[in-house]
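**Q** My file is run.cif. It has mmCIF, C-alpha atoms and all ligand atoms:
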data_final
#
loop_
_atom_site.label_atom_id
_atom_site.label_comp_id
_atom_site.auth_asym_id
_atom_site.auth_seq_id
_atom_site.Cartn_x
_atom_site.Cartn_y
_atom_site.Cartn_z
CA MET H 10 14.10 -5.56 -10.31
CA ASP H 11 14.09 -7.22 -6.89
CA HIS H 12 16.49 -9.19 -4.73
CA PHE H 13 14.59 -12.50 -4.50
CA THR H 14 16.60 -14.85 -6.68
CA ILE H 15 17.56 -18.51 -6.93
CA LYS H 16 21.22 -19.04 -6.03
CA HIS H 17 22.72 -22.56 -5.88
CA GLY H 18 19.22 -24.00 -6.35
CA VAL H 19 17.67 -22.15 -3.40
CA MET H 20 15.69 -18.93 -3.37
CA HIS H 21 17.42 -16.20 -1.42
CA ALA H 22 16.29 -12.82 -0.20
CA GLU H 23 19.45 -10.83 -0.92
CA ASP H 24 22.11 -13.16 0.60
CA VAL H 25 19.86 -15.02 3.00
CA PRO H 26 18.53 -18.43 1.94
CA LEU H 27 14.79 -18.50 2.63
CA PRO H 28 14.94 -21.92 4.38
CA ALA H 29 17.09 -20.27 7.08
CA ILE H 30 14.25 -17.81 7.75
CA ALA H 31 11.64 -20.57 7.77
CA ASP H 32 13.75 -22.56 10.28
CA ALA H 33 14.26 -19.58 12.57
CA VAL H 34 10.84 -17.92 12.39
CA GLY H 35 8.45 -20.58 11.08
CA THR H 36 5.93 -20.16 8.29
CA PRO H 37 3.94 -18.42 6.98
CA VAL H 38 6.14 -15.34 7.17
CA TYR H 39 6.46 -12.17 5.12
CA VAL H 40 10.03 -11.47 4.02
CA TYR H 41 11.05 -7.97 2.89
CA SER H 42 14.28 -6.94 1.20
CA ARG H 43 15.84 -3.68 2.34
CA ALA H 44 17.93 -3.37 -0.84
CA THR H 45 14.79 -3.73 -2.96
CA LEU H 46 12.88 -1.12 -0.96
CA GLU H 47 15.79 1.29 -1.28
CA ARG H 48 16.18 0.60 -4.97
CA HIS H 49 12.49 1.26 -5.62
CA ALA H 50 12.58 4.41 -3.49
CA ARG H 51 15.54 5.74 -5.48
CA VAL H 52 14.19 4.77 -8.89
CA PHE H 53 10.91 6.51 -8.10
CA ARG H 54 12.69 9.64 -6.89
CA GLU H 55 15.03 9.65 -9.89
CA GLY H 56 12.02 9.29 -12.18
CA LEU H 57 10.83 12.61 -10.78
CA ALA H 58 14.19 14.33 -11.16
CA ALA H 59 12.65 16.88 -13.55
CA VAL H 60 10.14 17.94 -10.87
CA PRO H 61 11.99 20.57 -8.83
CA ASP H 62 9.91 20.91 -5.67
CA LYS H 63 8.38 17.77 -4.31
CA LEU H 64 7.53 15.63 -1.30
CA ILE H 65 7.32 11.88 -1.78
CA ALA H 66 5.01 10.56 0.92
CA PHE H 67 4.96 6.77 1.11
CA ALA H 68 1.40 5.40 1.32
CA VAL H 69 1.66 3.78 4.75
CA LYS H 70 -1.42 1.64 4.13
CA SER H 71 0.53 -0.42 1.61
CA ASN H 72 3.06 -1.56 4.21
CA PRO H 73 2.91 0.02 7.67
CA ASN H 74 5.67 -2.11 9.24
CA LEU H 75 7.86 0.17 11.37
CA ALA H 76 11.11 -1.17 9.95
CA VAL H 77 9.87 -0.65 6.39
CA LEU H 78 8.87 2.91 7.28
CA LYS H 79 12.33 3.44 8.82
CA VAL H 80 14.02 2.35 5.58
CA LEU H 81 11.92 4.89 3.66
CA GLN H 82 12.41 7.64 6.24
CA ARG H 83 16.16 7.19 5.74
CA GLU H 84 15.54 7.59 2.00
CA GLY H 85 13.99 10.99 2.69
CA TYR H 86 10.40 9.89 2.24
CA GLY H 87 7.45 11.40 4.05
CA ALA H 88 4.19 9.55 4.73
CA ASP H 89 0.64 9.50 3.42
CA VAL H 90 -1.56 8.30 6.29
CA VAL H 91 -5.26 7.53 6.53
CA SER H 92 -5.72 7.01 10.27
CA VAL H 93 -4.19 8.10 13.54
CA GLY H 94 -2.77 4.60 13.83
CA GLU H 95 -0.81 5.13 10.62
CA MET H 96 0.20 8.63 11.72
CA ARG H 97 1.64 7.24 14.96
CA ARG H 98 3.63 4.68 12.98
CA ALA H 99 5.05 7.33 10.66
CA LEU H 100 6.05 9.48 13.65
CA ALA H 101 7.54 6.46 15.44
CA ALA H 102 9.66 5.78 12.36
CA GLY H 103 11.07 9.29 12.67
CA ILE H 104 9.20 10.88 9.78
CA ALA H 105 8.94 14.62 10.43
CA PRO H 106 5.34 15.76 11.11
CA ALA H 107 5.68 18.34 8.34
CA MET H 108 6.24 15.48 5.87
CA ILE H 109 2.99 13.71 6.77
CA VAL H 110 -0.21 14.16 4.76
CA PHE H 111 -3.51 12.84 6.11
CA SER H 112 -6.05 11.51 3.57
CA GLY H 113 -9.32 9.61 4.01
CA VAL H 114 -13.05 10.27 3.86
CA GLY H 115 -13.85 9.39 7.46
CA LYS H 116 -11.32 11.13 9.67
CA THR H 117 -13.02 11.44 13.05
CA GLY H 118 -12.99 14.58 15.19
CA ALA H 119 -10.59 12.81 17.57
CA GLU H 120 -8.28 11.97 14.66
CA LEU H 121 -8.32 15.54 13.34
CA ARG H 122 -7.48 16.80 16.81
CA ALA H 123 -4.62 14.29 17.25
CA ALA H 124 -3.17 15.20 13.86
CA LEU H 125 -3.40 18.92 14.67
CA GLU H 126 -1.61 18.28 17.96
CA ALA H 127 1.11 16.36 16.12
CA GLY H 128 1.52 19.28 13.71
CA ILE H 129 1.25 17.26 10.49
CA GLY H 130 2.04 18.95 7.21
CA GLN H 131 -1.22 18.68 5.30
CA PHE H 132 -4.81 17.55 5.67
CA ASN H 133 -6.34 16.31 2.43
CA ILE H 134 -9.94 17.34 3.03
CA GLU H 135 -12.39 15.02 1.29
CA SER H 136 -15.66 16.93 1.77
CA GLU H 137 -17.02 20.33 2.70
CA GLU H 138 -18.41 18.76 5.87
CA GLU H 139 -14.96 17.57 6.92
CA GLY H 140 -13.45 20.97 6.14
CA LEU H 141 -16.02 22.70 8.36
CA GLU H 142 -15.33 20.31 11.22
CA LEU H 143 -11.56 20.63 10.87
CA ALA H 144 -11.78 24.44 10.77
CA ALA H 145 -13.88 24.49 13.94
CA ILE H 146 -11.57 22.13 15.84
CA ALA H 147 -8.41 23.94 14.73
CA ALA H 148 -9.84 27.37 15.57
CA GLU H 149 -10.84 26.13 19.01
CA MET H 150 -7.28 24.84 19.52
CA GLY H 151 -5.87 28.17 18.34
CA LEU H 152 -4.21 26.49 15.35
CA VAL H 153 -4.36 26.78 11.58
CA ALA H 154 -4.50 23.52 9.62
CA GLU H 155 -2.63 23.42 6.31
CA CYS H 156 -5.06 21.86 3.84
CA ALA H 157 -5.58 20.64 0.32
CA LEU H 158 -9.03 19.93 -1.08
CA ARG H 159 -9.24 16.46 -2.60
CA ILE H 160 -11.16 16.52 -5.82
CA ASN H 161 -12.90 13.69 -7.60
CA PRO H 162 -12.04 14.22 -11.28
CA ASP H 163 -14.52 11.64 -12.64
CA VAL H 164 -11.85 9.72 -14.52
CA ASP H 165 -11.96 5.96 -14.95
CA ALA H 166 -8.59 4.63 -13.82
CA GLY H 167 -9.16 1.42 -15.77
CA THR H 168 -8.26 -0.75 -12.78
CA HIS H 169 -10.21 -3.18 -10.57
CA ASP H 170 -13.50 -1.60 -9.43
CA LYS H 171 -12.69 -2.09 -5.75
CA ILE H 172 -9.50 -0.04 -5.99
CA SER H 173 -10.82 2.72 -8.29
CA THR H 174 -11.27 6.01 -6.48
CA GLY H 175 -11.69 8.75 -9.07
CA LYS H 176 -15.08 8.04 -10.64
CA ALA H 177 -17.96 10.40 -9.88
CA ASP H 178 -19.85 7.82 -7.85
CA ASN H 179 -16.83 6.85 -5.73
CA LYS H 180 -16.84 8.17 -2.17
CA PHE H 181 -13.58 10.12 -2.49
CA GLY H 182 -13.04 13.86 -2.80
CA VAL H 183 -15.47 16.57 -3.94
CA PRO H 184 -16.87 16.66 -7.48
CA ILE H 185 -14.51 18.66 -9.63
CA ASP H 186 -17.28 20.87 -10.98
CA GLN H 187 -18.13 21.99 -7.42
CA ALA H 188 -14.54 22.23 -6.23
CA GLY H 189 -14.12 25.95 -6.92
CA GLN H 190 -17.15 26.91 -4.85
CA ILE H 191 -16.36 24.56 -1.98
CA PHE H 192 -12.76 25.75 -1.96
CA GLY H 193 -13.96 29.35 -1.81
CA ARG H 194 -16.32 28.70 1.09
CA LEU H 195 -13.71 26.76 3.12
CA ALA H 196 -10.89 29.19 2.36
CA GLY H 197 -12.79 31.96 4.15
CA LEU H 198 -12.83 30.07 7.48
CA PRO H 199 -10.46 30.68 10.36
CA GLY H 200 -8.68 27.48 11.42
CA VAL H 201 -7.78 26.32 7.92
CA ARG H 202 -5.39 27.52 5.25
CA LEU H 203 -6.33 26.01 1.91
CA ARG H 204 -3.08 25.85 0.02
CA GLY H 205 -3.81 23.35 -2.71
CA VAL H 206 -5.67 20.46 -4.19
CA ALA H 207 -5.22 16.68 -4.11
CA VAL H 208 -6.21 13.84 -6.39
CA HIS H 209 -5.84 10.04 -6.38
CA ILE H 210 -7.80 8.04 -8.94
CA GLY H 211 -6.96 4.47 -8.01
CA SER H 212 -4.33 1.81 -7.55
CA GLN H 213 -2.47 -0.71 -9.76
CA LEU H 214 -2.81 1.53 -12.82
CA ALA H 215 -1.46 -0.06 -15.98
CA ASP H 216 -1.70 3.04 -18.13
CA LEU H 217 -0.62 6.66 -17.69
CA ALA H 218 -3.48 8.11 -19.78
CA PRO H 219 -6.10 8.26 -16.99
CA LEU H 220 -3.55 9.82 -14.64
CA GLU H 221 -2.71 12.42 -17.25
CA ALA H 222 -6.41 13.13 -17.82
CA ALA H 223 -6.94 13.64 -14.09
CA PHE H 224 -3.84 15.83 -13.74
CA ALA H 225 -4.96 17.98 -16.67
CA LYS H 226 -8.28 18.60 -14.89
CA VAL H 227 -6.38 19.50 -11.71
CA GLY H 228 -4.20 21.94 -13.67
CA ALA H 229 -7.27 23.68 -15.04
CA LEU H 230 -8.72 23.88 -11.54
CA VAL H 231 -5.50 25.42 -10.18
CA THR H 232 -5.70 28.10 -12.87
CA ALA H 233 -9.34 28.78 -12.03
CA LEU H 234 -8.64 28.95 -8.29
CA ARG H 235 -5.80 31.39 -8.85
CA GLY H 236 -8.06 33.39 -11.09
CA ALA H 237 -10.48 33.64 -8.17
CA GLY H 238 -7.68 35.06 -6.00
CA HIS H 239 -6.58 31.95 -4.10
CA VAL H 240 -2.92 31.25 -3.40
CA ILE H 241 -2.11 27.71 -4.53
CA THR H 242 1.27 26.39 -3.43
CA HIS H 243 0.77 22.61 -3.23
CA VAL H 244 -0.76 19.91 -5.41
CA ASP H 245 -0.91 16.28 -4.26
CA LEU H 246 -0.99 13.86 -7.21
CA GLY H 247 -1.60 10.73 -5.13
CA GLY H 248 -0.20 7.29 -5.92
CA GLY H 249 -1.45 4.51 -8.11
CA LEU H 250 1.41 3.41 -10.36
CA GLY H 251 0.99 -0.32 -11.01
CA VAL H 252 3.59 -3.08 -10.77
CA PRO H 253 4.04 -6.38 -12.62
CA TYR H 254 2.64 -9.38 -10.74
CA LYS H 255 3.41 -11.81 -13.58
CA ALA H 256 6.84 -12.29 -15.09
CA GLY H 257 6.93 -10.46 -18.43
CA GLU H 258 4.18 -7.93 -17.67
CA VAL H 259 5.20 -4.40 -18.58
CA PHE H 260 4.04 -1.35 -16.65
CA PRO H 261 4.83 2.34 -17.09
CA SER H 262 8.18 2.96 -15.41
CA PRO H 263 8.74 5.65 -12.78
CA ALA H 264 10.79 7.46 -15.44
CA GLU H 265 7.86 7.47 -17.89
CA TYR H 266 5.51 8.52 -15.11
CA GLY H 267 7.93 11.28 -14.06
CA ALA H 268 8.29 12.55 -17.63
CA MET H 269 4.50 12.76 -18.00
CA VAL H 270 4.15 14.56 -14.65
CA ALA H 271 6.94 17.02 -15.51
CA ARG H 272 5.32 17.77 -18.87
CA VAL H 273 1.79 18.25 -17.52
CA THR H 274 2.79 20.28 -14.46
CA LYS H 275 5.65 22.39 -15.86
CA ASP H 276 3.82 25.71 -15.52
CA TRP H 277 2.05 25.03 -12.26
CA GLY H 278 4.68 26.59 -9.97
CA VAL H 279 3.72 24.45 -6.96
CA ILE H 280 5.28 21.91 -4.62
CA LEU H 281 4.10 18.52 -5.85
CA ILE H 282 3.28 15.73 -3.41
CA PHE H 283 3.32 12.06 -4.44
CA GLU H 284 1.85 9.14 -2.49
CA PRO H 285 3.32 5.95 -3.95
CA GLY H 286 2.71 2.68 -2.12
CA ARG H 287 2.68 -0.46 -4.24
CA VAL H 288 5.42 0.66 -6.62
CA ILE H 289 7.80 0.98 -3.66
CA ALA H 290 6.80 -2.01 -1.52
CA GLY H 291 5.04 -4.52 -3.80
CA ASN H 292 7.99 -6.35 -5.26
CA ALA H 293 10.09 -5.81 -2.13
CA GLY H 294 8.33 -8.62 -0.27
CA VAL H 295 7.29 -12.26 -0.55
CA LEU H 296 5.05 -14.44 1.57
CA LEU H 297 7.03 -17.57 2.49
CA THR H 298 4.84 -20.60 3.08
CA ARG H 299 5.19 -24.36 3.53
CA VAL H 300 3.18 -27.02 1.70
CA VAL H 301 1.09 -28.85 4.33
CA ARG H 302 0.08 -31.62 1.96
CA VAL H 303 -0.84 -32.33 -1.64
CA LYS H 304 -4.34 -33.72 -2.04
CA ARG H 305 -5.69 -35.49 -5.10
CA GLY H 306 -8.28 -33.42 -6.98
CA LEU H 307 -10.77 -33.97 -9.76
CA ASN H 308 -8.73 -32.24 -12.45
CA HIS H 309 -5.62 -31.07 -10.66
CA PRO H 310 -4.05 -31.78 -7.28
CA PHE H 311 -4.66 -29.30 -4.47
CA VAL H 312 -1.41 -27.92 -3.13
CA ILE H 313 -2.46 -26.96 0.41
CA VAL H 314 -0.12 -24.38 1.91
CA ASP H 315 0.05 -23.07 5.47
CA ALA H 316 -0.64 -19.48 4.33
CA ALA H 317 -4.28 -18.56 3.81
CA MET H 318 -6.61 -15.78 2.73
CA ASN H 319 -6.32 -14.24 6.19
CA ASP H 320 -2.57 -13.75 5.64
CA LEU H 321 -2.73 -12.62 1.99
CA ALA H 322 -6.24 -11.44 1.14
CA ARG H 323 -5.71 -10.08 -2.38
CA PRO H 324 -6.55 -13.23 -4.37
CA ALA H 325 -9.75 -13.79 -2.39
CA LEU H 326 -10.77 -10.11 -2.41
CA TYR H 327 -9.87 -9.05 -5.93
CA GLY H 328 -9.11 -12.28 -7.74
CA ALA H 329 -5.54 -11.01 -7.77
CA TYR H 330 -2.70 -13.01 -9.31
CA HIS H 331 0.45 -13.66 -7.26
CA ASP H 332 3.30 -15.65 -8.74
CA PHE H 333 3.83 -18.85 -6.76
CA VAL H 334 7.25 -20.47 -6.94
CA ALA H 335 9.21 -23.15 -5.13
CA VAL H 336 12.07 -22.15 -2.85
CA ARG H 337 14.01 -25.23 -4.06
CA PRO H 338 12.74 -25.83 -7.59
CA ARG H 339 13.23 -29.40 -8.80
CA GLY H 340 13.20 -28.42 -12.45
CA ALA H 341 9.81 -30.04 -13.05
CA ASP H 342 6.37 -28.39 -13.33
CA MET H 343 2.91 -29.37 -12.22
CA VAL H 344 -0.59 -28.00 -12.78
CA ALA H 345 -2.23 -27.43 -9.41
CA ASN H 346 -4.88 -25.63 -7.44
CA ILE H 347 -3.09 -23.61 -4.77
CA VAL H 348 -5.21 -23.30 -1.64
CA GLY H 349 -4.93 -22.40 2.03
CA PRO H 350 -6.38 -24.25 5.04
CA ILE H 351 -9.33 -21.89 5.68
CA CYS H 352 -12.82 -23.30 5.54
CA GLU H 353 -14.22 -21.51 2.54
CA THR H 354 -13.64 -21.92 -1.17
CA GLY H 355 -12.59 -18.26 -1.35
CA ASP H 356 -9.37 -19.37 0.31
CA THR H 357 -7.92 -20.18 -3.09
CA PHE H 358 -4.75 -18.54 -4.39
CA ALA H 359 -4.91 -20.04 -7.88
CA MET H 360 -6.78 -22.69 -9.89
CA GLY H 361 -5.14 -24.76 -12.59
CA ARG H 362 -1.86 -22.90 -12.17
CA VAL H 363 1.28 -24.18 -13.84
CA CYS H 364 3.87 -24.03 -11.08
CA ASP H 365 7.01 -25.73 -9.83
CA HIS H 366 6.51 -29.34 -8.78
CA LEU H 367 5.86 -29.30 -5.03
CA GLU H 368 5.51 -31.95 -2.37
CA ALA H 369 4.41 -31.92 1.26
CA GLY H 370 6.94 -30.11 3.42
CA ASP H 371 8.36 -28.00 0.57
CA LEU H 372 8.74 -24.24 0.93
CA ALA H 373 7.31 -21.85 -1.66
CA VAL H 374 6.67 -18.13 -1.97
CA PHE H 375 3.92 -15.88 -3.19
CA ARG H 376 5.74 -13.05 -4.89
CA THR H 377 4.88 -9.34 -5.01
CA ALA H 378 3.46 -9.53 -1.49
CA GLY H 379 5.27 -6.55 0.03
CA ALA H 380 2.34 -4.18 -0.54
CA TYR H 381 -1.20 -4.83 0.71
CA GLY H 382 -0.04 -8.15 2.19
CA ALA H 383 0.56 -8.32 5.94
CA THR H 384 -1.26 -5.01 6.36
CA MET H 385 -4.55 -6.61 5.24
CA ALA H 386 -4.20 -9.74 7.41
CA SER H 387 -6.95 -10.86 9.76
CA SER H 388 -7.25 -13.64 12.32
CA TYR H 389 -10.12 -15.40 10.56
CA ASN H 390 -10.48 -19.06 11.51
CA SER H 391 -8.65 -18.13 14.74
CA ARG H 392 -5.35 -18.12 12.96
CA GLY H 393 -2.69 -15.80 14.33
CA PHE H 394 -1.14 -12.78 12.66
CA VAL H 395 1.75 -13.68 10.43
CA ALA H 396 5.34 -12.68 11.34
CA GLU H 397 7.42 -10.26 9.23
CA VAL H 398 11.16 -10.35 8.57
CA LEU H 399 13.45 -7.73 7.02
CA VAL H 400 16.57 -8.91 5.19
CA ASP H 401 19.64 -6.71 4.76
CA GLY H 402 22.50 -8.39 2.89
CA ASP H 403 23.38 -11.56 4.77
CA LYS H 404 21.48 -10.67 7.93
CA PHE H 405 17.81 -10.68 8.82
CA ALA H 406 15.63 -9.60 11.71
CA VAL H 407 12.09 -10.33 12.81
CA VAL H 408 10.40 -6.94 12.41
CA ALA H 409 6.94 -8.09 13.50
CA ASP H 410 6.35 -10.98 15.88
CA ARG H 411 3.94 -13.70 14.96
CA ILE H 412 0.83 -13.03 17.06
CA ASP H 413 -0.38 -16.27 18.48
CA PRO H 414 -4.13 -17.04 18.38
CA GLY H 415 -3.87 -17.40 22.17
CA ALA H 416 -2.83 -13.75 22.50
CA ILE H 417 -5.87 -12.70 20.50
CA MET H 418 -8.11 -14.84 22.71
CA ASP H 419 -6.54 -13.22 25.80
CA ALA H 420 -8.15 -9.91 24.77
CA GLU H 421 -11.62 -11.48 25.02
CA ARG H 422 -13.67 -12.39 28.05
CA VAL H 423 -16.98 -13.99 29.00
CA PRO H 424 -19.01 -11.57 31.17
CA GLU H 425 -19.61 -12.60 34.73
CA TRP H 426 -23.39 -12.77 34.10
CA LEU H 427 -22.83 -15.40 31.45
CA ALA H 428 -20.18 -17.53 33.12
N1 LIG R 501 -2.98 7.74 -1.85
C1 LIG R 501 -4.24 7.46 -1.54
C2 LIG R 501 -5.14 8.55 -1.14
C3 LIG R 501 -4.71 6.13 -1.62
O1 LIG R 501 -5.97 5.86 -1.32
C4 LIG R 501 -3.82 5.10 -2.00
C5 LIG R 501 -4.26 3.71 -2.08
C6 LIG R 501 -2.48 5.44 -2.28
C7 LIG R 501 -2.10 6.78 -2.21
C8 LIG R 501 -1.46 4.43 -2.69
O2 LIG R 501 -1.75 3.84 -3.91
P1 LIG R 501 -0.67 2.89 -4.60
O3 LIG R 501 0.49 3.75 -5.01
O4 LIG R 501 -0.26 1.86 -3.61
O5 LIG R 501 -1.41 2.32 -5.74
N2 LIG R 501 -5.76 -3.12 -1.12
C9 LIG R 501 -5.67 -2.86 -2.54
C10 LIG R 501 -5.11 -1.50 -2.85
C11 LIG R 501 -5.90 -0.37 -2.22
C12 LIG R 501 -5.29 0.99 -2.48
C13 LIG R 501 -5.98 2.02 -1.66
N3 LIG R 501 -5.46 3.35 -1.80
C14 LIG R 501 -4.86 -3.96 -3.21
O6 LIG R 501 -4.42 -4.89 -2.52
O7 LIG R 501 -4.69 -3.95 -4.42
#
Render the structure in this file as structure tokens.

**A**
Amino acid sequence: MDHFTIKHGVMHAEDVPLPAIADAVGTPVYVYSRATLERHARVFREGLAAVPDKLIAFAVKSNPNLAVLKVLQREGYGADVVSVGEMRRALAAGIAPAMIVFSGVGKTGAELRAALEAGIGQFNIESEEEGLELAAIAAEMGLVAECALRINPDVDAGTHDKISTGKADNKFGVPIDQAGQIFGRLAGLPGVRLRGVAVHIGSQLADLAPLEAAFAKVGALVTALRGAGHVITHVDLGGGLGVPYKAGEVFPSPAEYGAMVARVTKDWGVILIFEPGRVIAGNAGVLLTRVVRVKRGLNHPFVIVDAAMNDLARPALYGAYHDFVAVRPRGADMVANIVGPICETGDTFAMGRVCDHLEAGDLAVFRTAGAYGATMASSYNSRGFVAEVLVDGDKFAVVADRIDPGAIMDAERVPEWLA
């Protein structure tokens, strides 16, 4: 459930009519709903009520906006970060260092050092090489890094190939059949304390079965590690729960997910860490756009909107579906190709889509754009970076300024020897 609904013929975010945001901030603009973020945060936590000891660490990559992070910090969430940039955002939002976990296959020495200095709660080590480097840096700093070893369980998450992370040939984690030995070698080093294991098999999962299969493998590994004398206190189960992008789609609920987790992990005796992103932020945001013009097409008209693949990359990158609806529906439909202004055919949001009848100047939204939306924007075609707005009841605030193409150009220069 979200708080983007048509009231008196006009789509609102909570109690704010979207045209008021378009007038004040311009388009395209991402609009987030605080009430929806909070609702999702609570539903996810309640789904895990049967799990006694846990940390829910929001996957910052899905929506790193500071105001969004602040909403989640106030809900008691920690953060899963994959760069020092994300770590700084989590800290700036007031998330305690101890509630930050750092994942990612390519953490640089400088990033490891910065995260050690910040005193983050857990490093999810993705290779023996990384573990060796972290141990050396921490020992040199006179610190001990709290670590989990990320394993690759070789489970097919059954999602889009580009967002699958748990198959043997994916770059993430260490192969599960070598995990015991690698764990043993790293655990003997000064500078690191290996306290657990981590797993994340992919994103936008429509089915709990692959998650359960991966968790079962992790459970067996925990038993084996304990059998070898290691003390295992933490297991990070990652994120990945999918969300409906189309009206009527049904996905496993947080309650069903939580029941499965509680069942599979009941004898583990560890603190469980979760890293949800999309399930919290996805349906808490829309991308508000204006129709530039409607152009005749061979089969269907092209509805050309002022948002483009640089603002919302998912359709171009993954062929992803985003619902597209009018802000002031006229009660009539059309079949249209929905495209942006960018000069490549990839800048297509939908072909032959049945949608609300739209005319030049109308406002419309792409739904389910709160996760992996603004965060994946670029300035391709020398377009700026889109603005972001957070709604709370009947008020709203700009929580990220639109970055003008001129400001981006200001960071560039022609060398003297070329002028
Ligand atoms: N933990 C780790 C280690 C991850 O790599 C990810 C996502 C998450 C947690 C959060 O997963 P979620 O709960 O959001 O599914 N750009 C793609 C999604 C990439 C996800 C990458 N990793 C998209 O737009 O679909």

**Q** So which residues touch H:Arg194 within 10 Å, counting only C-alpha atoms, skipping near sequence neighbours fewer than 3 positions away, as a ChimeraX atom specification?

**A** /H:137,140-141,188-191,197-198

**Q** Nearest to H:Glu258: which of H:Ile417, H:Ala154, H:Ala378, H:Ala215 is it, counting all atoms listed in the file?

**A**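 Under the stated criterion, the closest residue is H:Ala215.
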
**Q** What is the distance, in Å and to one decimal place, between atom CA of H:Ser212 and atom CA of H:Pro285?

**A**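 These two atoms are separated by 9.4 Å.
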
**Q** Check which residues fall inside 9 Å of ligand LIG 501 (chain R) when counting only C-alpha atoms and all ligand atoms, and print them as a ChimeraX atom specification.

**A** /H:66-71,89-91,111-113,133,169,171-174,181,207-214,246-252,283-291,322-324,326-327,329,380-382,384-385

**Q** Show which residues sit within 9 Å of stretch 177-180 of chain H, as a ChimeraX atom specification. Count all atoms listed in the file, and ignore same-chain residues fewer than 2 positions away.

**A** /H:114,135,161-164,173-175,182-185

**Q** Nearest to H:Pro263: which of H:Val52, H:Ala229, H:Val423, H:Leu281 is it, counting all atoms listed in the file?

**A** H:Val52

**Q** Find the residues near H:Lys63: any atom within 12 Å, counting only C-alpha atoms, skip ones fewer than 3 places away on the same chain, and give them as a PyMOL selection string.

**A** chain H and resi 54-55+57-60+66+85-87+108+242-246+267+270-271+274+278-284

**Q** Excluding same-chain residues fewer than 2 positions from H:Gly306, what lies within 12 Å of it counting all atoms listed in the file, as a compact mmCIF listing (two decimals) with C-alpha atoms, keeping the file's coordinate frame?

**A**
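The result, written out as out-v4.txt:
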# COMPACT_ATOMS: atom_id res chain seq x y z
CA VAL H 303 -0.84 -32.33 -1.64
CA LYS H 304 -4.34 -33.72 -2.04
CA ASN H 308 -8.73 -32.24 -12.45
CA HIS H 309 -5.62 -31.07 -10.66
CA PRO H 310 -4.05 -31.78 -7.28
CA PHE H 311 -4.66 -29.30 -4.47
CA VAL H 312 -1.41 -27.92 -3.13
CA ILE H 313 -2.46 -26.96 0.41
CA VAL H 344 -0.59 -28.00 -12.78
CA ALA H 345 -2.23 -27.43 -9.41
CA ASN H 346 -4.88 -25.63 -7.44
CA ILE H 347 -3.09 -23.61 -4.77
CA VAL H 348 -5.21 -23.30 -1.64
CA MET H 360 -6.78 -22.69 -9.89
CA GLY H 361 -5.14 -24.76 -12.59

**Q** Just give me the gap between atom CA of H:Cys364 and atom CA of H:Val314 in Å, one decimal is fine.

**A**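 Calculated distance between atom CA of H:Cys364 and atom CA of H:Val314 is 13.6 Å.
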
**Q** Using only C-alpha atoms, which residue out of H:Val77, H:Val19, H:Ala88, H:Leu46 lies closest to H:Ile65?

**A**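 Looking at the shortest contact to H:Ile65, the residue is H:Ala88.
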
**Q** Quote the spacing between atom CA of H:Ser387 and atom CA of H:Ala76 in Å to one decimal place.

**A** 20.5 Å

**Q** For a quick check of understanding, using only C-alpha atoms, which of H:Val227, H:Ala145, H:Ala335, H:Val408 has the smallest distance to H:Thr298?

**A**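 Distance minimum relative to H:Thr298 lands on H:Ala335.
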
**Q** Quick one: of H:Leu143, H:Leu203, H:Leu64, H:Ile104, who's nearest to H:Arg122, counting only C-alpha atoms?

**A**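 Once distances to H:Arg122 are computed over only C-alpha atoms, the minimum belongs to H:Leu143.
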
**Q** From the list H:Phe333, H:Arg362, H:Val398, H:Asp32, which residue is nearest H:Leu75 when using only C-alpha atoms?

**A**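 With only C-alpha atoms as the atom set, the closest residue is H:Val398.
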
**Q** Taking all atoms listed in the file into account, produce a table as CSV in which each residue of stretch 171-265 of chain H with an atom at most 7 Å from an atom of stretch 148-153 of chain H appears once, together with its shortest atom pair and the distance in Å to one decimal, ordered by chain and rising number.

**A**
residue,atom,partner,partner_atom,distance
H:Pro199,CA,H:Ala148,CA,6.2
H:Gly200,CA,H:Ala148,CA,4.3
H:Val201,CA,H:Val153,CA,5.0
H:Arg202,CA,H:Val153,CA,6.5

**Q** At most 12 Å from (20.9, -17.0, -0.4), file frame, only C-alpha atoms: which residues, as a compact mmCIF listing (two decimals) with C-alpha atoms, in the frame of the given file?

**A**
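Once written, out_9.txt looks like this:
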# COMPACT_ATOMS: atom_id res chain seq x y z
CA HIS H 12 16.49 -9.19 -4.73
CA PHE H 13 14.59 -12.50 -4.50
CA THR H 14 16.60 -14.85 -6.68
CA ILE H 15 17.56 -18.51 -6.93
CA LYS H 16 21.22 -19.04 -6.03
CA HIS H 17 22.72 -22.56 -5.88
CA GLY H 18 19.22 -24.00 -6.35
CA VAL H 19 17.67 -22.15 -3.40
CA MET H 20 15.69 -18.93 -3.37
CA HIS H 21 17.42 -16.20 -1.42
CA ALA H 22 16.29 -12.82 -0.20
CA GLU H 23 19.45 -10.83 -0.92
CA ASP H 24 22.11 -13.16 0.60
CA VAL H 25 19.86 -15.02 3.00
CA PRO H 26 18.53 -18.43 1.94
CA LEU H 27 14.79 -18.50 2.63
CA PRO H 28 14.94 -21.92 4.38
CA ALA H 29 17.09 -20.27 7.08
CA ILE H 30 14.25 -17.81 7.75
CA VAL H 336 12.07 -22.15 -2.85
CA ARG H 337 14.01 -25.23 -4.06
CA VAL H 400 16.57 -8.91 5.19
CA ASP H 401 19.64 -6.71 4.76
CA GLY H 402 22.50 -8.39 2.89
CA ASP H 403 23.38 -11.56 4.77
CA LYS H 404 21.48 -10.67 7.93
CA PHE H 405 17.81 -10.68 8.82
